[in-house]
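Colleague: Could you have a look at this structure, given as C-alpha cells, before my questions?
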Amino acid sequence: MDQNSGRILDKTLEVHTLELARYTLQESDLKDASILDCWLFWFLHAHEYEEEELLKLFPQPAIQQATKTISQIAQMTEDKTMYDAREKAIRDQQWALHAAHREGKLEGKLEGEIEGEIKLVRTLQEILGISISQERELLTMDLDQLRALASDLQQKVRGRRLSSP
C-alpha cells in the first residue's frame, strides 16, 4: 500500500529500491548472478564497455535489447550532432559571406565618399586660386578631416563672393 495516498498496489506492480552504491558484483561473478544482479551491473558499468562486449557478457534477451536500444540512441545522437555541426557550419559560412559583402559595400561607400571629398577639396582650391593639394597627401586624411577641410574652403569661397562687387 502507498503510505502517502493510501492506494493499494495490486500484484501487477512491484516497487524495488536498490542502492547502487552498495552493489559490488564483479564481471567475473556474472555467470552465476541473478537477473537482478546482471541488471545492476549493467546500470553501473555498461558505459565502460563496447556494445559487442556487452552483448557477449549478457546473454539475457532483455539486457541484449536494452544494450542495442542504447546503442541506437547513441548512434542517432552522434548523427544528429554531426548534422547539427554541419548545419551550423553552413549558417556560419553564409553569415560570414553576408558580413563580408556588407563590409565591402560599406568600405566601397566610404572610399567613394573620400574620393568625392578629395575632388571637392581640389576643385575648391582651384576656384580659390591656391595651391592644389596632392591626392596622396589628401588620402592620408580620414573622411571627417576631408569634410572639415572642404567646409573651410567652401566658407572661403562664399566669403570671396560676398566681398566681390
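Residues are named by chain letter and number: chains run A, B, ... in the order of the C-alpha cells, numbers start at 1 in each chain, and ligands are numbered from 1 in the order shown.
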What are the closest atom pairs, with distances in Å to one decimal, for each residue of stretch 45-113 of chain A lying within 10 Å of stretch 131-152 of chain A, using only C-alpha atoms, rows by chain and rising residue number, as JSON lines?
Modeller:
{"residue": "A:Leu110", "atom": "CA", "partner": "A:Leu143", "partner_atom": "CA", "distance": 7.9}
{"residue": "A:Glu111", "atom": "CA", "partner": "A:Leu143", "partner_atom": "CA", "distance": 9.0}
{"residue": "A:Glu113", "atom": "CA", "partner": "A:Leu143", "partner_atom": "CA", "distance": 7.4}
Colleague: Among the residues of stretch 12-138 of chain A, find those DSSP assigns to helix (DSSP H, G or I) from the backbone and print them as JSON, numbers by chain.
Modeller: {"A": [20, 21, 22, 27, 28, 29, 30, 31, 32, 35, 36, 37, 38, 39, 40, 41, 42, 43, 44, 45, 46, 47, 48, 51, 52, 53, 54, 55, 56, 57, 61, 62, 63, 64, 65, 66, 67, 68, 69, 70, 71, 72, 73, 74, 75, 76, 77, 78, 79, 80, 81, 82, 83, 84, 85, 86, 87, 88, 89, 90, 91, 92, 93, 94, 95, 96, 97, 98, 99, 100, 101, 102, 103, 104, 105, 106, 107, 108, 109, 110, 111, 112, 113, 114, 115, 116, 117, 118, 119, 120, 121, 122, 123, 124, 125, 126, 127, 128, 135, 136, 137, 138]}
Colleague: In terms of the shortest atom-to-atom distance over only C-alpha atoms, which of A:Thr67, A:Leu106, A:Gln26, A:Gln154 is closest to A:Glu52?
Modeller: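 Of all the options, A:Thr67 lies closest to A:Glu52.
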Colleague: Using only C-alpha atoms, which residues sit within 10 Å of A:Glu27 once same-chain residues fewer than 2 positions away are excluded, as a list in words?
Modeller: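 The filter keeps Thr24, Leu25, Asp29, Leu30, Lys31, Ala33, Cys38, Phe41, Trp42, His45 and Leu57 of chain A.
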Colleague: Dump N, CA and C atoms for the selected residues as a PDB file, in the first residue's frame?
Modeller:
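Dumped to selection-v4.pdb:
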ATOM      1  N   THR A  24      28.499  -4.456  -5.395  1.00  0.00           N
ATOM      2  CA  THR A  24      29.924  -4.701  -5.633  1.00  0.00           C
ATOM      3  C   THR A  24      30.210  -5.921  -6.498  1.00  0.00           C
ATOM      4  N   LEU A  25      29.244  -6.445  -7.198  1.00  0.00           N
ATOM      5  CA  LEU A  25      29.460  -7.622  -8.041  1.00  0.00           C
ATOM      6  C   LEU A  25      30.516  -7.306  -9.105  1.00  0.00           C
ATOM      7  N   ASP A  29      31.829 -12.534 -11.727  1.00  0.00           N
ATOM      8  CA  ASP A  29      30.710 -13.157 -10.998  1.00  0.00           C
ATOM      9  C   ASP A  29      29.414 -13.197 -11.815  1.00  0.00           C
ATOM     10  N   LEU A  30      29.401 -12.639 -13.005  1.00  0.00           N
ATOM     11  CA  LEU A  30      28.160 -12.507 -13.775  1.00  0.00           C
ATOM     12  C   LEU A  30      27.587 -13.843 -14.255  1.00  0.00           C
ATOM     13  N   LYS A  31      28.425 -14.832 -14.481  1.00  0.00           N
ATOM     14  CA  LYS A  31      27.941 -16.122 -14.993  1.00  0.00           C
ATOM     15  C   LYS A  31      26.909 -16.745 -14.068  1.00  0.00           C
ATOM     16  N   ALA A  33      25.261 -14.995 -11.629  1.00  0.00           N
ATOM     17  CA  ALA A  33      24.467 -13.932 -10.996  1.00  0.00           C
ATOM     18  C   ALA A  33      22.999 -14.016 -11.392  1.00  0.00           C
ATOM     19  N   CYS A  38      22.579  -8.897 -12.664  1.00  0.00           N
ATOM     20  CA  CYS A  38      23.048  -8.551 -14.016  1.00  0.00           C
ATOM     21  C   CYS A  38      22.591  -7.148 -14.409  1.00  0.00           C
ATOM     22  N   PHE A  41      24.635  -4.592 -12.481  1.00  0.00           N
ATOM     23  CA  PHE A  41      25.966  -4.453 -13.075  1.00  0.00           C
ATOM     24  C   PHE A  41      25.875  -3.647 -14.377  1.00  0.00           C
ATOM     25  N   TRP A  42      24.868  -3.945 -15.190  1.00  0.00           N
ATOM     26  CA  TRP A  42      24.688  -3.241 -16.476  1.00  0.00           C
ATOM     27  C   TRP A  42      24.475  -1.744 -16.236  1.00  0.00           C
ATOM     28  N   HIS A  45      27.886  -0.293 -15.025  1.00  0.00           N
ATOM     29  CA  HIS A  45      29.127  -0.428 -15.786  1.00  0.00           C
ATOM     30  C   HIS A  45      28.974  -0.479 -17.312  1.00  0.00           C
ATOM     31  N   LEU A  57      28.681 -10.432 -22.846  1.00  0.00           N
ATOM     32  CA  LEU A  57      28.659 -10.523 -21.395  1.00  0.00           C
ATOM     33  C   LEU A  57      27.274 -10.864 -20.849  1.00  0.00           C
TER      34      LEU A  57
END
Colleague: Just checking: using only C-alpha atoms, which residue out of A:Met1, A:Arg102, A:Glu117, A:Trp39 ends up closest to A:Pro59?
Modeller: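 Comparing A:Met1, A:Arg102, A:Glu117, A:Trp39 against A:Pro59, the winner is A:Trp39.
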Colleague: A:Lys119, A:Leu153, A:Leu128, A:Phe58: which is nearest A:Asp32, counting only C-alpha atoms?
Modeller: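 Among the listed residues, A:Phe58 lies closest to A:Asp32.
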Colleague: Separation of atom CA of A:Glu51 and atom CA of A:Ile70, in Å?
Modeller: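 Separating atom CA of A:Glu51 from atom CA of A:Ile70 is a distance of 9.0 Å.
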Colleague: Here is a test: counting only C-alpha atoms, which residue of A:Thr69, A:Ala62, A:Ser5, A:Leu36 is nearest to A:Leu20?
Modeller: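 Using only C-alpha atoms, the shortest distance to A:Leu20 belongs to A:Leu36.
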Colleague: In Å, rounded to a single decimal, give me how far atom CA of A:Ala21 is from atom CA of A:Tyr49.
Modeller: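 That distance, rounded to one decimal, is 19.4 Å.
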